[in-house]
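> Let me begin by handing over the structure; questions about it come next.
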Amino acid sequence: MFQESDPYVVVGGDGSPYSCKMRAVFRYRRIPFIWKPQSLLGTQIFDSHFPNLRARVIPVIIRPDNSYANDSTPLILELEQKFKFRKILPQNSGLAFLTLLVEDFADEWLTKVMFEGRFHTEKDARFGARWQLLQFGADTGIEGDSQTEDQPSPTILKKVADQFASRQVSRRKRIVGHDWAAGEKCLRRVCEIITDMVIDGQPFLFGNYP
């Protein structure tokens, strides 16, 4: 089924919802790919590896021909055209439209709800910052303290996590607004819908398609 000699490369991180979305697409569609954590390319990955990207965000998808892009929805549609097996868009045009509408809702709104959930309280912020930074291993960008091969020392981790949490908390109102009650209500309703689907044995929102 896969005719090209080299797999795709997904440069991303577990803290990035768009990275996880693209990884899920590659896994479900069984398209060969390599997951490469952003930290492996260093703190200046866009300058050193992807200078032509206008939006400097992950994930970056490196195609087998070494070209790259990082807008997830056009990339998903590109894969739909390129690979004929295990497609993720329904053949019915109406359902396909609704699928893309739900994706856009998740991309543009639920990511903001996710952001607020990670940094809503001081305790959330401490945990959210440390969880995201631990994914970057020893590459924290701070020198002068001992590190293990895989993880920063506790001193460095606390220092960087506190700085990161403070920055993210300061961005909350600009990203989410003032009404967390609306975001939380939306989140709980989405979780209720997904829970009911699982209980009913329905694998996807649109039947047999993700």
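Labels for the structure tokens follow display order: chains A, B, ..., residues from 1 in each chain, ligands from 1.
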Can you list, as a list in words, every protein, DNA or RNA residue that comes within 12 Å of segment 96-100 of chain A when you count only C-alpha atoms, leaving out same-chain residues fewer than 2 positions away?

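With the cut-off at 12 Å, the set is Ser72, Thr73, Pro74, Ile76, Leu77, Glu80, Lys87, Ile88, Leu89, Pro90, Gln91, Asn92, Ser93, Gly94, Val102, Glu103, Asp104, Phe105, Ala106, Asp107, Glu108, Phe204, Leu205, Phe206, Gly207, Tyr209 and Pro210 of chain A.
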
> Would you save the residues of that selection, restricted to C-alpha atoms, as a JSON list (two decimals), in the first residue's frame?


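What landed in out.json:
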```json
[["chain", "number", "residue", "atom", "x", "y", "z"],
["A", 72, "SER", "CA", -2.77, 20.05, 10.41],
["A", 73, "THR", "CA", -6.11, 20.20, 8.57],
["A", 74, "PRO", "CA", -4.63, 20.74, 5.06],
["A", 76, "ILE", "CA", -4.96, 15.61, 6.79],
["A", 77, "LEU", "CA", -6.76, 16.43, 3.53],
["A", 80, "GLU", "CA", -6.80, 11.72, 2.23],
["A", 87, "LYS", "CA", -9.77, 7.13, 5.03],
["A", 88, "ILE", "CA", -11.04, 9.28, 7.87],
["A", 89, "LEU", "CA", -13.57, 11.43, 5.99],
["A", 90, "PRO", "CA", -17.01, 9.95, 5.25],
["A", 91, "GLN", "CA", -17.90, 9.57, 1.58],
["A", 92, "ASN", "CA", -21.18, 11.40, 2.15],
["A", 93, "SER", "CA", -20.47, 15.09, 1.47],
["A", 94, "GLY", "CA", -22.81, 16.26, 4.24],
["A", 102, "VAL", "CA", -16.31, 19.33, 14.46],
["A", 103, "GLU", "CA", -12.56, 19.30, 13.85],
["A", 104, "ASP", "CA", -12.52, 23.08, 13.51],
["A", 105, "PHE", "CA", -14.56, 23.39, 16.71],
["A", 106, "ALA", "CA", -11.97, 21.27, 18.52],
["A", 107, "ASP", "CA", -9.01, 23.08, 16.95],
["A", 108, "GLU", "CA", -10.23, 26.60, 17.60],
["A", 204, "PHE", "CA", -16.61, 7.25, 16.33],
["A", 205, "LEU", "CA", -18.87, 10.30, 16.14],
["A", 206, "PHE", "CA", -19.72, 9.49, 12.51],
["A", 207, "GLY", "CA", -20.17, 5.76, 12.64],
["A", 209, "TYR", "CA", -15.05, 6.95, 10.57],
["A", 210, "PRO", "CA", -12.93, 8.82, 13.13]]
```

> Give me the residues within 9 Å of Leu187 of chain A as a VMD selection string, counting only C-alpha atoms and dropping any in the same chain fewer than 4 places off.

chain A and resid 110 113 to 114 182 to 183 191 to 192

> Please, could you write that set of residues out with N, CA and C atoms as an mmCIF file, in the first residue's frame?


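Below you can see again.cif, which holds the result:
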```
data_model
loop_
_atom_site.group_PDB
_atom_site.id
_atom_site.type_symbol
_atom_site.label_atom_id
_atom_site.label_comp_id
_atom_site.auth_asym_id
_atom_site.auth_seq_id
_atom_site.Cartn_x
_atom_site.Cartn_y
_atom_site.Cartn_z
ATOM 1 N N LEU A 110 -11.869 24.067 21.669
ATOM 2 C CA LEU A 110 -11.532 23.139 22.743
ATOM 3 C C LEU A 110 -10.067 23.235 23.141
ATOM 4 N N VAL A 113 -10.089 25.735 25.831
ATOM 5 C CA VAL A 113 -10.591 25.133 27.066
ATOM 6 C C VAL A 113 -9.495 24.276 27.702
ATOM 7 N N MET A 114 -8.780 23.524 26.877
ATOM 8 C CA MET A 114 -7.669 22.704 27.364
ATOM 9 C C MET A 114 -6.613 23.583 28.044
ATOM 10 N N ALA A 182 -18.337 28.883 31.132
ATOM 11 C CA ALA A 182 -18.797 28.459 29.809
ATOM 12 C C ALA A 182 -17.872 27.382 29.238
ATOM 13 N N GLY A 183 -16.578 27.581 29.409
ATOM 14 C CA GLY A 183 -15.633 26.592 28.914
ATOM 15 C C GLY A 183 -15.763 25.265 29.626
ATOM 16 N N CYS A 191 -17.420 15.639 27.086
ATOM 17 C CA CYS A 191 -17.047 14.392 27.762
ATOM 18 C C CYS A 191 -18.262 13.485 27.954
ATOM 19 N N GLU A 192 -19.425 14.077 28.226
ATOM 20 C CA GLU A 192 -20.652 13.277 28.354
ATOM 21 C C GLU A 192 -20.985 12.587 27.039
#
```

> Measure the distance from atom CA of Asn52 of chain A to atom CA of Lys82 of chain A in Å and round it to one decimal.

23.5 Å

> Taking only C-alpha atoms into account, which of A:Leu134, A:Phe115, A:Tyr28, A:Val57 comes nearest Ser153 of chain A?

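Nearest candidate to Ser153 of chain A out of A:Leu134, A:Phe115, A:Tyr28, A:Val57: A:Leu134.
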
> Once DSSP has gone over the backbone, tell me which residues of segment 16-158 of chain A are in strand (DSSP E or B), as a list in words.

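Checking each residue of segment 16-158 of chain A, the strand (DSSP E or B) ones are Phe33, Ile34, Trp35, Lys36, Pro37, Val60, Ile61, Ile62, Tyr68, Ala69, Gln147 and Pro152 of chain A.
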
> As a VMD selection string, please: all residues of segment 34-154 of chain A that backbone DSSP puts in helix (DSSP H, G or I).

chain A and resid 38 to 41 45 to 48 72 to 82 93 to 119 122 to 134 154

> Any idea what the distance is between atom CA of Val169 of chain A and atom CA of Ala125 of chain A?

7.2 Å

> Using only C-alpha atoms, I'd like a table of the residues in segment 60-174 of chain A that come within 6 Å of segment 4-22 of chain A; for each, show the closest atom pair and its distance in Å rounded to one decimal, ordered by chain and ascending number, as CSV.


```
residue,atom,partner,partner_atom,distance
A:Val60,CA,A:Val11,CA,5.1
A:Ile61,CA,A:Val10,CA,4.8
A:Ile62,CA,A:Val9,CA,5.0
A:Arg63,CA,A:Tyr8,CA,5.0
A:Pro64,CA,A:Asp6,CA,5.3
A:Gln132,CA,A:Gly15,CA,5.7
```

> Taking N, CA, C and O atoms for each residue, export the selection above as a PDB file, in the first residue's frame.


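The resulting file, selection-v3.pdb, is shown below:
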```pdb
ATOM      1  N   VAL A  60       5.403  19.681  13.048  1.00  0.00           N
ATOM      2  CA  VAL A  60       5.906  19.851  11.684  1.00  0.00           C
ATOM      3  C   VAL A  60       5.942  18.465  11.058  1.00  0.00           C
ATOM      4  O   VAL A  60       6.497  17.532  11.643  1.00  0.00           O
ATOM      5  N   ILE A  61       5.326  18.328   9.899  1.00  0.00           N
ATOM      6  CA  ILE A  61       5.309  17.056   9.186  1.00  0.00           C
ATOM      7  C   ILE A  61       6.342  17.132   8.063  1.00  0.00           C
ATOM      8  O   ILE A  61       6.253  17.995   7.189  1.00  0.00           O
ATOM      9  N   ILE A  62       7.327  16.237   8.118  1.00  0.00           N
ATOM     10  CA  ILE A  62       8.342  16.163   7.066  1.00  0.00           C
ATOM     11  C   ILE A  62       7.942  15.032   6.123  1.00  0.00           C
ATOM     12  O   ILE A  62       7.843  13.873   6.529  1.00  0.00           O
ATOM     13  N   ARG A  63       7.684  15.379   4.891  1.00  0.00           N
ATOM     14  CA  ARG A  63       7.277  14.384   3.903  1.00  0.00           C
ATOM     15  C   ARG A  63       8.483  13.554   3.458  1.00  0.00           C
ATOM     16  O   ARG A  63       9.641  13.967   3.665  1.00  0.00           O
ATOM     17  N   PRO A  64       8.231  12.419   2.812  1.00  0.00           N
ATOM     18  CA  PRO A  64       9.356  11.594   2.336  1.00  0.00           C
ATOM     19  C   PRO A  64      10.293  12.314   1.364  1.00  0.00           C
ATOM     20  O   PRO A  64      11.459  11.950   1.248  1.00  0.00           O
ATOM     21  N   GLN A 132       4.580  19.398  31.003  1.00  0.00           N
ATOM     22  CA  GLN A 132       5.018  19.733  29.658  1.00  0.00           C
ATOM     23  C   GLN A 132       6.541  19.804  29.553  1.00  0.00           C
ATOM     24  O   GLN A 132       7.123  19.325  28.583  1.00  0.00           O
TER      25      GLN A 132
END
```

> Have a look at atom CA of Arg23 of chain A and atom CA of Asp200 of chain A and let me know their distance in Å, one decimal.

26.1 Å

> If we count only C-alpha atoms and set the cut-off at 10 Å, which residues sit around Arg171 of chain A, ignoring sequence neighbours fewer than 6 positions away in its own chain? Please answer as a list in words.

Phe115, Glu116, Phe119, Ala165 and Gly177 of chain A

> Write out the residues from the selection above, keeping all heavy atoms, as a tab-separated table (two decimals), in the first residue's frame.


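To be explicit, this is the file written out as selection_38.tsv:
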```
chain	number	residue	atom	x	y	z
A	115	PHE	N	-6.28	24.70	27.40
A	115	PHE	CA	-5.26	25.60	27.95
A	115	PHE	C	-5.68	26.10	29.33
A	115	PHE	O	-4.90	26.09	30.28
A	115	PHE	CB	-5.05	26.78	27.00
A	115	PHE	CG	-4.00	27.74	27.45
A	115	PHE	CD1	-2.69	27.60	27.02
A	115	PHE	CD2	-4.30	28.80	28.29
A	115	PHE	CE1	-1.70	28.48	27.45
A	115	PHE	CE2	-3.33	29.68	28.73
A	115	PHE	CZ	-2.03	29.53	28.30
A	116	GLU	N	-6.94	26.53	29.45
A	116	GLU	CA	-7.41	27.03	30.73
A	116	GLU	C	-7.39	25.93	31.78
A	116	GLU	O	-7.03	26.16	32.94
A	116	GLU	CB	-8.83	27.59	30.59
A	116	GLU	CG	-9.47	28.05	31.89
A	116	GLU	CD	-8.74	29.21	32.54
A	116	GLU	OE1	-8.02	29.95	31.83
A	116	GLU	OE2	-8.87	29.39	33.77
A	119	PHE	N	-4.02	25.47	33.38
A	119	PHE	CA	-3.45	26.55	34.19
A	119	PHE	C	-4.53	27.30	34.97
A	119	PHE	O	-4.34	28.45	35.34
A	119	PHE	CB	-2.69	27.52	33.27
A	119	PHE	CG	-1.58	26.86	32.51
A	119	PHE	CD1	-1.76	26.46	31.20
A	119	PHE	CD2	-0.36	26.58	33.12
A	119	PHE	CE1	-0.75	25.82	30.50
A	119	PHE	CE2	0.65	25.94	32.43
A	119	PHE	CZ	0.46	25.56	31.12
A	165	ALA	N	5.03	28.47	34.00
A	165	ALA	CA	3.68	28.58	34.57
A	165	ALA	C	3.26	30.04	34.69
A	165	ALA	O	2.12	30.40	34.38
A	165	ALA	CB	3.64	27.90	35.95
A	177	GLY	N	-10.50	34.18	27.78
A	177	GLY	CA	-11.49	35.16	28.20
A	177	GLY	C	-11.76	35.04	29.69
A	177	GLY	O	-11.03	34.38	30.43
```
